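So this one's final.pdb, PDB, C-alpha atoms and all ligand atoms:
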```pdb
ATOM      1  CA  MET U  11       0.867  -5.546  -7.719
ATOM      2  CA  THR U  12      -1.403  -4.868  -4.737
ATOM      3  CA  PHE U  13      -0.168  -2.061  -2.575
ATOM      4  CA  ALA U  14      -1.167  -1.603   1.055
ATOM      5  CA  LEU U  15      -2.283   1.864   0.065
ATOM      6  CA  GLU U  16      -2.630   3.385  -3.350
ATOM      7  CA  THR U  17      -3.914   6.631  -4.797
ATOM      8  CA  GLN U  18      -4.983   6.744  -8.417
ATOM      9  CA  ASP U  19      -5.259  10.109 -10.160
ATOM     10  CA  LEU U  20      -6.253  11.623  -6.831
ATOM     11  CA  THR U  21      -7.372  15.198  -7.369
ATOM     12  CA  ILE U  22      -9.037  17.983  -5.423
ATOM     13  CA  ARG U  23     -10.021  21.408  -6.652
ATOM     14  CA  PHE U  24     -10.879  24.361  -4.478
ATOM     15  CA  GLY U  25     -12.695  26.613  -6.941
ATOM     16  CA  GLY U  26     -10.223  27.133  -9.735
ATOM     17  CA  HIS U  27      -7.239  25.986  -7.651
ATOM     18  CA  VAL U  28      -6.072  22.374  -8.049
ATOM     19  CA  ALA U  29      -4.491  21.618  -4.660
ATOM     20  CA  VAL U  30      -3.766  17.950  -5.442
ATOM     21  CA  ASN U  31      -3.473  17.152  -9.104
ATOM     22  CA  ALA U  32      -3.907  13.565 -10.366
ATOM     23  CA  VAL U  33      -1.493  12.022  -7.868
ATOM     24  CA  SER U  34      -0.970   8.304  -8.547
ATOM     25  CA  CYS U  35       1.235   6.514  -6.066
ATOM     26  CA  GLY U  36       1.417   3.115  -4.353
ATOM     27  CA  PHE U  37       2.839   2.406  -0.903
ATOM     28  CA  GLN U  38       4.269  -0.949   0.219
ATOM     29  CA  PRO U  39       4.182  -2.455   3.709
ATOM     30  CA  GLY U  40       7.478  -2.227   5.555
ATOM     31  CA  THR U  41       8.450   1.031   3.911
ATOM     32  CA  LEU U  42       8.489   4.593   5.103
ATOM     33  CA  THR U  43       7.738   7.129   2.409
ATOM     34  CA  ALA U  44       8.433  10.767   3.144
ATOM     35  CA  ILE U  45       6.259  13.304   1.354
ATOM     36  CA  VAL U  46       8.079  16.567   0.900
ATOM     37  CA  GLY U  47       7.591  19.775  -1.025
ATOM     38  CA  PRO U  48       7.486  23.522  -0.513
ATOM     39  CA  ASN U  49       4.814  25.279   1.562
ATOM     40  CA  GLY U  50       1.427  25.015  -0.101
ATOM     41  CA  ALA U  51       2.538  22.097  -2.300
ATOM     42  CA  GLY U  52      -0.480  19.997  -1.280
ATOM     43  CA  LYS U  53       1.079  17.587   1.245
ATOM     44  CA  THR U  54      -1.496  18.043   4.005
ATOM     45  CA  THR U  55      -4.329  18.093   1.476
ATOM     46  CA  TYR U  56      -3.035  14.799   0.028
ATOM     47  CA  PHE U  57      -3.085  13.377   3.577
ATOM     48  CA  ASN U  58      -6.627  14.706   4.065
ATOM     49  CA  LEU U  59      -7.758  12.966   0.879
ATOM     50  CA  ILE U  60      -6.221   9.659   1.997
ATOM     51  CA  SER U  61      -7.619   9.759   5.538
ATOM     52  CA  GLY U  62     -11.012  10.995   4.339
ATOM     53  CA  GLN U  63     -11.024  14.461   5.902
ATOM     54  CA  LEU U  64     -11.654  15.867   2.433
ATOM     55  CA  PRO U  65     -13.636  14.309  -0.427
ATOM     56  CA  ALA U  66     -11.701  13.998  -3.669
ATOM     57  CA  THR U  67     -12.954  15.824  -6.744
ATOM     58  CA  SER U  68     -11.840  12.801  -8.761
ATOM     59  CA  GLY U  69      -9.566   9.782  -8.490
ATOM     60  CA  ARG U  70      -9.471   6.904  -6.028
ATOM     61  CA  VAL U  71      -7.940   5.756  -2.759
ATOM     62  CA  LEU U  72      -7.382   1.996  -2.439
ATOM     63  CA  LEU U  73      -6.568   0.144   0.781
ATOM     64  CA  HIS U  74      -5.272  -3.392   0.205
ATOM     65  CA  GLY U  75      -6.736  -3.153  -3.292
ATOM     66  CA  ARG U  76     -10.220  -2.110  -2.148
ATOM     67  CA  ASP U  77     -11.694   1.213  -3.146
ATOM     68  CA  ILE U  78     -12.301   3.291  -0.011
ATOM     69  CA  SER U  79     -12.783   6.595  -1.838
ATOM     70  CA  HIS U  80     -16.334   6.965  -0.591
ATOM     71  CA  ALA U  81     -15.741   5.827   3.000
ATOM     72  CA  SER U  82     -15.950   8.421   5.787
ATOM     73  CA  ALA U  83     -12.890   9.338   7.830
ATOM     74  CA  PRO U  84     -13.982   7.198  10.836
ATOM     75  CA  ALA U  85     -14.677   4.268   8.502
ATOM     76  CA  ARG U  86     -11.219   4.571   6.961
ATOM     77  CA  SER U  87      -9.737   4.665  10.436
ATOM     78  CA  ARG U  88     -11.588   1.445  11.331
ATOM     79  CA  LYS U  89     -10.316  -0.155   8.129
ATOM     80  CA  GLY U  90      -6.726   0.511   9.137
ATOM     81  CA  ILE U  91      -5.680   4.024   8.179
ATOM     82  CA  GLY U  92      -4.224   5.701  11.254
ATOM     83  CA  ARG U  93      -3.361   9.338  11.342
ATOM     84  CA  ALA U  94      -1.798  11.375  14.098
ATOM     85  CA  PHE U  95      -3.834  14.565  14.121
ATOM     86  CA  GLN U  96      -2.305  17.604  15.602
ATOM     87  CA  LEU U  97      -3.650  16.940  19.100
ATOM     88  CA  THR U  98      -7.305  16.616  18.142
ATOM     89  CA  ASN U  99      -7.299  12.879  18.985
ATOM     90  CA  LEU U 100      -6.793  13.531  22.683
ATOM     91  CA  PHE U 101      -9.460  13.542  25.380
ATOM     92  CA  PRO U 102      -8.131  16.532  27.304
ATOM     93  CA  TYR U 103      -9.761  15.802  30.674
ATOM     94  CA  LEU U 104      -8.880  12.118  30.773
ATOM     95  CA  THR U 105      -5.566  10.972  32.143
ATOM     96  CA  VAL U 106      -2.695   9.934  29.898
ATOM     97  CA  LEU U 107      -3.320   6.277  30.786
ATOM     98  CA  GLU U 108      -7.073   6.523  30.096
ATOM     99  CA  ASN U 109      -6.430   8.101  26.718
ATOM    100  CA  VAL U 110      -4.244   5.183  25.667
ATOM    101  CA  ARG U 111      -6.458   2.598  27.359
ATOM    102  CA  LEU U 112      -9.447   3.781  25.306
ATOM    103  CA  ALA U 113      -7.420   3.387  22.127
ATOM    104  CA  VAL U 114      -6.326  -0.117  23.156
ATOM    105  CA  GLN U 115      -9.956  -0.934  23.956
ATOM    106  CA  SER U 116     -11.173   0.375  20.630
ATOM    107  CA  ARG U 117      -8.533  -1.766  18.895
ATOM    108  CA  ALA U 118      -9.689  -4.803  20.894
ATOM    109  CA  HIS U 119     -13.342  -4.173  19.841
ATOM    110  CA  VAL U 120     -14.572  -4.691  23.388
ATOM    111  CA  GLY U 121     -16.143  -1.288  23.849
ATOM    112  CA  LEU U 122     -19.770  -2.398  24.086
ATOM    113  CA  ASN U 123     -19.502  -5.769  25.778
ATOM    114  CA  MET U 124     -19.372  -5.235  29.535
ATOM    115  CA  TRP U 125     -18.326  -8.804  30.333
ATOM    116  CA  SER U 126     -15.389  -8.740  28.016
ATOM    117  CA  VAL U 127     -14.501  -5.272  29.283
ATOM    118  CA  TRP U 128     -14.270  -6.573  32.847
ATOM    119  CA  SER U 129     -12.501  -9.787  31.951
ATOM    120  CA  SER U 130      -9.893  -8.108  29.824
ATOM    121  CA  HIS U 131      -9.589  -4.869  31.770
ATOM    122  CA  LYS U 132      -6.232  -5.889  33.218
ATOM    123  CA  ASP U 133      -4.901  -6.804  29.782
ATOM    124  CA  LEU U 134      -6.040  -3.461  28.387
ATOM    125  CA  ILE U 135      -4.274  -1.593  31.171
ATOM    126  CA  ALA U 136      -1.155  -3.722  30.744
ATOM    127  CA  ARG U 137      -1.037  -2.986  27.011
ATOM    128  CA  ALA U 138      -1.690   0.733  27.651
ATOM    129  CA  GLU U 139       1.178   0.792  30.150
ATOM    130  CA  GLU U 140       3.442  -0.884  27.618
ATOM    131  CA  VAL U 141       2.612   1.830  25.078
ATOM    132  CA  LEU U 142       3.249   4.562  27.649
ATOM    133  CA  GLU U 143       6.683   3.058  28.340
ATOM    134  CA  ALA U 144       7.416   3.132  24.618
ATOM    135  CA  VAL U 145       6.510   6.810  24.308
ATOM    136  CA  ALA U 146       8.327   7.690  27.537
ATOM    137  CA  LEU U 147       5.180   8.833  29.340
ATOM    138  CA  ALA U 148       4.893   6.137  32.007
ATOM    139  CA  SER U 149       5.722   8.570  34.796
ATOM    140  CA  LYS U 150       2.913  10.886  33.670
ATOM    141  CA  ARG U 151       0.186   8.255  33.400
ATOM    142  CA  ASP U 152      -2.152   9.885  35.941
ATOM    143  CA  ILE U 153      -1.938  13.436  34.612
ATOM    144  CA  PRO U 154      -4.859  14.779  32.522
ATOM    145  CA  ALA U 155      -3.838  15.092  28.864
ATOM    146  CA  ALA U 156      -4.649  18.816  28.901
ATOM    147  CA  ALA U 157      -2.073  19.422  31.639
ATOM    148  CA  LEU U 158       0.839  17.950  29.656
ATOM    149  CA  PRO U 159       3.393  20.176  27.968
ATOM    150  CA  HIS U 160       3.012  20.347  24.179
ATOM    151  CA  GLY U 161       5.821  17.887  23.432
ATOM    152  CA  ASP U 162       4.308  15.288  25.758
ATOM    153  CA  GLN U 163       0.903  15.758  24.134
ATOM    154  CA  ARG U 164       2.492  14.957  20.763
ATOM    155  CA  LYS U 165       4.073  11.842  22.277
ATOM    156  CA  LEU U 166       0.694  10.832  23.696
ATOM    157  CA  GLU U 167      -0.874  11.286  20.294
ATOM    158  CA  VAL U 168       1.697   8.916  18.788
ATOM    159  CA  GLY U 169       1.043   6.498  21.660
ATOM    160  CA  ILE U 170      -2.689   6.535  20.902
ATOM    161  CA  LEU U 171      -1.963   5.842  17.261
ATOM    162  CA  MET U 172       0.327   2.948  18.180
ATOM    163  CA  ALA U 173      -2.335   1.523  20.490
ATOM    164  CA  LEU U 174      -4.817   1.541  17.602
ATOM    165  CA  GLU U 175      -2.329  -0.527  15.547
ATOM    166  CA  PRO U 176      -3.408   0.606  12.090
ATOM    167  CA  ASP U 177      -1.906  -0.927   8.932
ATOM    168  CA  VAL U 178      -1.067   2.508   7.574
ATOM    169  CA  PHE U 179       0.524   5.123   9.819
ATOM    170  CA  MET U 180       0.323   8.725   8.663
ATOM    171  CA  PHE U 181       2.519  11.214  10.473
ATOM    172  CA  ASP U 182       2.238  14.926   9.728
ATOM    173  CA  GLU U 183       5.331  16.638  11.146
ATOM    174  CA  PRO U 184       5.374  14.389  14.230
ATOM    175  CA  THR U 185       8.178  16.273  15.943
ATOM    176  CA  ALA U 186       6.821  19.790  15.382
ATOM    177  CA  GLY U 187       6.877  21.824  18.570
ATOM    178  CA  MET U 188       9.038  19.311  20.424
ATOM    179  CA  SER U 189      12.185  20.190  22.278
ATOM    180  CA  VAL U 190      15.451  18.750  20.973
ATOM    181  CA  ASP U 191      15.642  16.106  23.695
ATOM    182  CA  GLU U 192      12.094  14.854  22.984
ATOM    183  CA  VAL U 193      12.613  14.282  19.265
ATOM    184  CA  PRO U 194      14.657  11.035  19.572
ATOM    185  CA  VAL U 195      11.792   9.258  21.382
ATOM    186  CA  ILE U 196       9.470   9.827  18.434
ATOM    187  CA  LEU U 197      12.099   8.951  15.849
ATOM    188  CA  GLU U 198      12.870   5.746  17.728
ATOM    189  CA  LEU U 199       9.176   4.819  17.733
ATOM    190  CA  ILE U 200       8.847   5.392  14.014
ATOM    191  CA  ARG U 201      12.037   3.397  13.445
ATOM    192  CA  GLY U 202      10.516   0.598  15.556
ATOM    193  CA  LEU U 203       7.379   0.591  13.399
ATOM    194  CA  LYS U 204       9.540   0.297  10.291
ATOM    195  CA  CYS U 205      11.359  -2.699  11.754
ATOM    196  CA  ARG U 206       8.064  -4.572  12.067
ATOM    197  CA  LYS U 207       7.989  -4.769   8.250
ATOM    198  CA  ASP U 208       4.188  -5.069   8.113
ATOM    199  CA  LYS U 209       3.293  -1.417   8.554
ATOM    200  CA  THR U 210       3.073   1.162   5.804
ATOM    201  CA  ILE U 211       4.302   4.529   6.980
ATOM    202  CA  LEU U 212       3.763   7.931   5.382
ATOM    203  CA  LEU U 213       5.542  10.934   6.788
ATOM    204  CA  VAL U 214       5.096  14.598   5.938
ATOM    205  CA  GLU U 215       8.185  16.318   7.261
ATOM    206  CA  HIS U 216      10.004  19.566   6.602
ATOM    207  CA  LYS U 217      13.164  18.627   8.529
ATOM    208  CA  MET U 218      15.401  17.074   5.903
ATOM    209  CA  ASP U 219      17.693  15.441   8.467
ATOM    210  CA  VAL U 220      14.681  13.508   9.812
ATOM    211  CA  VAL U 221      13.592  12.613   6.274
ATOM    212  CA  ARG U 222      17.107  11.479   5.368
ATOM    213  CA  GLU U 223      17.377   9.346   8.467
ATOM    214  CA  LEU U 224      14.014   7.605   8.352
ATOM    215  CA  SER U 225      12.804   7.315   4.796
ATOM    216  CA  ASP U 226      13.165   4.455   2.325
ATOM    217  CA  ARG U 227      11.644   6.551  -0.393
ATOM    218  CA  ILE U 228      10.782  10.189  -0.949
ATOM    219  CA  ILE U 229       8.026  11.628  -3.090
ATOM    220  CA  VAL U 230       7.924  15.314  -3.893
ATOM    221  CA  LEU U 231       4.760  17.326  -4.398
ATOM    222  CA  HIS U 232       4.908  20.691  -6.122
ATOM    223  CA  ASN U 233       1.825  22.751  -6.961
ATOM    224  CA  GLY U 234      -0.251  19.681  -6.160
ATOM    225  CA  SER U 235       1.539  17.398  -8.627
ATOM    226  CA  LEU U 236       3.911  14.534  -7.956
ATOM    227  CA  VAL U 237       7.180  15.728  -9.470
ATOM    228  CA  ALA U 238       9.752  13.277  -8.068
ATOM    229  CA  ASP U 239       9.676   9.799  -6.578
ATOM    230  CA  GLY U 240      12.650   7.666  -5.671
ATOM    231  CA  GLU U 241      15.552   6.766  -3.408
ATOM    232  CA  PRO U 242      16.185   9.378  -0.709
ATOM    233  CA  ALA U 243      19.713  10.317  -1.813
ATOM    234  CA  GLU U 244      18.669  10.763  -5.419
ATOM    235  CA  VAL U 245      15.545  12.797  -4.601
ATOM    236  CA  ILE U 246      17.337  14.990  -2.050
ATOM    237  CA  ALA U 247      19.917  15.834  -4.711
ATOM    238  CA  SER U 248      17.194  16.810  -7.193
ATOM    239  CA  PRO U 249      16.898  20.516  -8.117
ATOM    240  CA  ILE U 250      13.350  20.872  -6.738
ATOM    241  CA  VAL U 251      14.364  19.680  -3.270
ATOM    242  CA  GLN U 252      17.609  21.618  -3.303
ATOM    243  CA  GLU U 253      15.698  24.772  -4.111
ATOM    244  CA  ALA U 254      12.797  24.236  -1.723
ATOM    245  CA  TYR U 255      14.780  23.126   1.295
ATOM    246  CA  LEU U 256      18.352  24.216   0.948
ATOM    247  CA  GLY U 257      17.822  27.614  -0.599
ATOM    248  CA  VAL U 258      19.846  26.728  -3.687
ATOM    249  CA  GLU U 259      18.599  28.736  -6.627
ATOM    250  CA  VAL U 260      17.850  26.509  -9.561
ATOM    251  CA  LYS U 261      17.852  27.875 -13.094
ATOM    252  CA  LYS U 262      14.581  27.069 -14.806
TER
HETATM  253  N1  LIG U 301     -10.007  23.897   2.440
HETATM  254  C1  LIG U 301      -9.297  24.590   1.543
HETATM  255  N2  LIG U 301      -9.896  25.547   0.790
HETATM  256  C2  LIG U 301      -9.196  26.245  -0.134
HETATM  257  N3  LIG U 301      -7.879  26.059  -0.398
HETATM  258  C3  LIG U 301      -7.243  25.131   0.341
HETATM  259  C4  LIG U 301      -7.905  24.343   1.338
HETATM  260  N4  LIG U 301      -6.996  23.480   1.888
HETATM  261  C5  LIG U 301      -5.824  23.719   1.263
HETATM  262  N5  LIG U 301      -5.966  24.701   0.332
HETATM  263  C6  LIG U 301      -4.922  25.200  -0.560
HETATM  264  O1  LIG U 301      -4.324  24.080  -1.162
HETATM  265  C7  LIG U 301      -2.920  24.288  -1.306
HETATM  266  C8  LIG U 301      -2.170  23.167  -0.643
HETATM  267  O2  LIG U 301      -2.218  23.322   0.771
HETATM  268  P1  LIG U 301      -1.570  22.274   1.775
HETATM  269  O3  LIG U 301      -1.880  22.762   3.144
HETATM  270  O4  LIG U 301      -2.003  20.926   1.417
HETATM  271  O5  LIG U 301      -0.033  22.438   1.470
HETATM  272  P2  LIG U 301       1.201  21.821   2.268
HETATM  273  O6  LIG U 301       2.122  21.257   1.247
HETATM  274  O7  LIG U 301       0.726  20.912   3.328
HETATM  275  O8  LIG U 301       1.838  23.120   2.903
HETATM  276  P3  LIG U 301       2.663  23.320   4.286
HETATM  277  O9  LIG U 301       3.975  22.656   4.092
HETATM  278  O10 LIG U 301       2.785  24.801   4.382
HETATM  279  O11 LIG U 301       1.833  22.723   5.390
HETATM  280  C9  LIG U 301      -2.627  25.660  -0.724
HETATM  281  O12 LIG U 301      -2.599  26.601  -1.778
HETATM  282  C10 LIG U 301      -3.791  25.895   0.191
HETATM  283  O13 LIG U 301      -4.051  27.263   0.338
END
```

Please render this file's structure as structure tokens.
Amino acid sequence: MTFALETQDLTIRFGGHVAVNAVSCGFQPGTLTAIVGPNGAGKTTYFNLISGQLPATSGRVLLHGRDISHASAPARSRKGIGRAFQLTNLFPYLTVLENVRLAVQSRAHVGLNMWSVWSSHKDLIARAEEVLEAVALASKRDIPAAALPHGDQRKLEVGILMALEPDVFMFDEPTAGMSVDEVPVILELIRGLKCRKDKTILLVEHKMDVVRELSDRIIVLHNGSLVADGEPAEVIASPIVQEAYLGVEVKK
């Protein structure tokens, strides 16, 4: 079977510490997989290995069956791996609209051709406005990104990711730092991506209610190893998740 994304024996060592330990896992389009585990389990490091922020010590990352293990992070992004970075994707002094417009433009591959830029400028703006509607930022389109409150910056980051239209969406705690009334917008967007059926979505999330609501599958990392993988209800009921998230003491 060819997965949209697959890791094979993916491993990274920091000195003597194995932060991600031979993780083999395949991800199908149209599914949202939540990656959970206690603090320090290796979730963010696993994400970094997939998106290319860190080089693996051993193992492979495959995108649509092709080995991308040696591709740089920007190259992986161009190939279709999209990751919402905690606010580092934003151009702080550009307006909200310009931030999204640049992402739409990059997706349309018209960045260097002035004629196509002019001819399609209206389309780019129209698409950027559509994205801003979706992330509930239309009314703030002319504000510089740096002047937005934190929650709005997170929404903008998701908007930029949507504008790039990657095949694989990687969300690392997408609602962190958001107020209660902002969270539904993001959850609705992620739900919308799932409904498209062609996108592969990975979500690192500590909030179990969010995980329960959105995920089709949960994998659990513990000390860098994959220790559980399955249906949400079954994995949530497992001792490792009960202990890590619900404070239930599990006899070893
Ligand atoms: N660049 C690094 N150098 C050394 N050790 C690192 C590095 N990055 C991560 N680690 C270690 O790898 C382990 C896994 O960290 P990671 O941040 O991936 O965990 P996590 O599951 O994302 O945790 P959290 O839920 O707290 O964000 C930790 O012990 C961490 O200290």

If the PyMOL selection byres (((chain U and resi 20) around 6) and not hetatm) were run on this exact file, what residues would it hold? Put them as a VMD selection string. chain U and resid 17 to 19 21 32 to 33 69 to 70

Output check: residues returned by the PyMOL selection byres (((not hetatm)) within 6 of (chain U and resi 301)), as a PyMOL selection string: chain U and resi 24+29+48-55

Could those selected residues go to a file with C-alpha atoms, as a short mmCIF file (atom, residue, chain, number, x, y, z; two decimals), in the frame of the given file?
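Result written to part.cif:
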```cif
data_model
loop_
_atom_site.label_atom_id
_atom_site.label_comp_id
_atom_site.auth_asym_id
_atom_site.auth_seq_id
_atom_site.Cartn_x
_atom_site.Cartn_y
_atom_site.Cartn_z
CA PHE U 24 -10.88 24.36 -4.48
CA ALA U 29 -4.49 21.62 -4.66
CA PRO U 48 7.49 23.52 -0.51
CA ASN U 49 4.81 25.28 1.56
CA GLY U 50 1.43 25.02 -0.10
CA ALA U 51 2.54 22.10 -2.30
CA GLY U 52 -0.48 20.00 -1.28
CA LYS U 53 1.08 17.59 1.25
CA THR U 54 -1.50 18.04 4.00
CA THR U 55 -4.33 18.09 1.48
#
```

Atom pair CA of Arg76 in chain U / CA of Val168 in chain U: separation (Å): 26.5 Å

Set the distance at 8 Å and use only C-alpha atoms: which residues neighbour Leu236 in chain U once local chain neighbours fewer than 4 positions away are removed? I'd like the list as a PDB file with C-alpha atoms, in the coordinates of the input.
```
ATOM      1  CA  ASN U  31      -3.473  17.152  -9.104  1.00  0.00           C
ATOM      2  CA  VAL U  33      -1.493  12.022  -7.868  1.00  0.00           C
ATOM      3  CA  SER U  34      -0.970   8.304  -8.547  1.00  0.00           C
ATOM      4  CA  ILE U 229       8.026  11.628  -3.090  1.00  0.00           C
ATOM      5  CA  VAL U 230       7.924  15.314  -3.893  1.00  0.00           C
ATOM      6  CA  LEU U 231       4.760  17.326  -4.398  1.00  0.00           C
ATOM      7  CA  HIS U 232       4.908  20.691  -6.122  1.00  0.00           C
TER       8      HIS U 232
END
```

Evaluated on this file, the PyMOL selection byres (((chain U and resi 225) around 8) and not hetatm) picks out some residues - which ones are they, written as a ChimeraX atom specification? /U:41-44,221-224,226-228,242

Taking 3 positions as the minimum chain separation for residues in the same chain, which residues sit within 12 Å of Ser149 in chain U when counting all atoms listed in the file? Answer as a ChimeraX atom specification. /U:105-107,139,142-146,152-153,158,162

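Using only C-alpha atoms, the nearest neighbour of Val30 in chain U within the list U:Phe13, U:Thr67, U:Asp177, U:Ser87 is U:Thr67.
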
Quick check, in Å to one decimal: how far apart do CA of Asp191 in chain U and CA of Asp219 in chain U lie?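 Interatomic distance, CA of Asp191 in chain U to CA of Asp219 in chain U: 15.4 Å.
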
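Remark: for His27 in chain U, the closest of the candidate residues U:Thr12, U:Glu140, U:Asn233, U:Pro184 is U:Asn233 (distances computed over only C-alpha atoms).
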
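Coordinates place CA of Phe101 in chain U at a distance of 11.3 Å from CA of Ala157 in chain U.
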
Kindly complete range 107-121 of chain U to N, CA and C atoms; the output should be written as an mmCIF file, in the frame of the given file.
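Printed below is result-v4.cif as written:
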```cif
data_model
loop_
_atom_site.group_PDB
_atom_site.id
_atom_site.type_symbol
_atom_site.label_atom_id
_atom_site.label_comp_id
_atom_site.auth_asym_id
_atom_site.auth_seq_id
_atom_site.Cartn_x
_atom_site.Cartn_y
_atom_site.Cartn_z
ATOM 1 N N LEU U 107 -3.055 7.720 30.850
ATOM 2 C CA LEU U 107 -3.320 6.277 30.786
ATOM 3 C C LEU U 107 -4.698 5.998 30.178
ATOM 4 N N GLU U 108 -5.712 6.755 30.599
ATOM 5 C CA GLU U 108 -7.073 6.523 30.096
ATOM 6 C C GLU U 108 -7.152 6.798 28.599
ATOM 7 N N ASN U 109 -6.448 7.812 28.154
ATOM 8 C CA ASN U 109 -6.430 8.101 26.718
ATOM 9 C C ASN U 109 -5.914 6.898 25.925
ATOM 10 N N VAL U 110 -4.832 6.316 26.401
ATOM 11 C CA VAL U 110 -4.244 5.183 25.667
ATOM 12 C C VAL U 110 -5.095 3.931 25.870
ATOM 13 N N ARG U 111 -5.625 3.769 27.088
ATOM 14 C CA ARG U 111 -6.458 2.598 27.359
ATOM 15 C C ARG U 111 -7.678 2.567 26.440
ATOM 16 N N LEU U 112 -8.279 3.731 26.203
ATOM 17 C CA LEU U 112 -9.447 3.781 25.306
ATOM 18 C C LEU U 112 -9.063 3.363 23.889
ATOM 19 N N ALA U 113 -7.880 3.773 23.468
ATOM 20 C CA ALA U 113 -7.420 3.387 22.127
ATOM 21 C C ALA U 113 -7.178 1.882 22.063
ATOM 22 N N VAL U 114 -6.570 1.334 23.116
ATOM 23 C CA VAL U 114 -6.326 -0.117 23.156
ATOM 24 C C VAL U 114 -7.668 -0.848 23.121
ATOM 25 N N GLN U 115 -8.636 -0.316 23.880
ATOM 26 C CA GLN U 115 -9.956 -0.934 23.956
ATOM 27 C C GLN U 115 -10.666 -0.891 22.608
ATOM 28 N N SER U 116 -10.537 0.241 21.936
ATOM 29 C CA SER U 116 -11.173 0.375 20.630
ATOM 30 C C SER U 116 -10.546 -0.623 19.656
ATOM 31 N N ARG U 117 -9.238 -0.800 19.749
ATOM 32 C CA ARG U 117 -8.533 -1.766 18.895
ATOM 33 C C ARG U 117 -9.011 -3.196 19.195
ATOM 34 N N ALA U 118 -9.293 -3.447 20.488
ATOM 35 C CA ALA U 118 -9.689 -4.803 20.894
ATOM 36 C C ALA U 118 -11.175 -5.063 20.638
ATOM 37 N N HIS U 119 -11.913 -4.041 20.153
ATOM 38 C CA HIS U 119 -13.342 -4.173 19.841
ATOM 39 C C HIS U 119 -14.146 -4.681 21.040
ATOM 40 N N VAL U 120 -13.815 -4.208 22.229
ATOM 41 C CA VAL U 120 -14.572 -4.691 23.388
ATOM 42 C C VAL U 120 -15.418 -3.575 23.991
ATOM 43 N N GLY U 121 -15.496 -2.469 23.289
ATOM 44 C CA GLY U 121 -16.143 -1.288 23.849
ATOM 45 C C GLY U 121 -17.552 -1.500 24.367
#
```
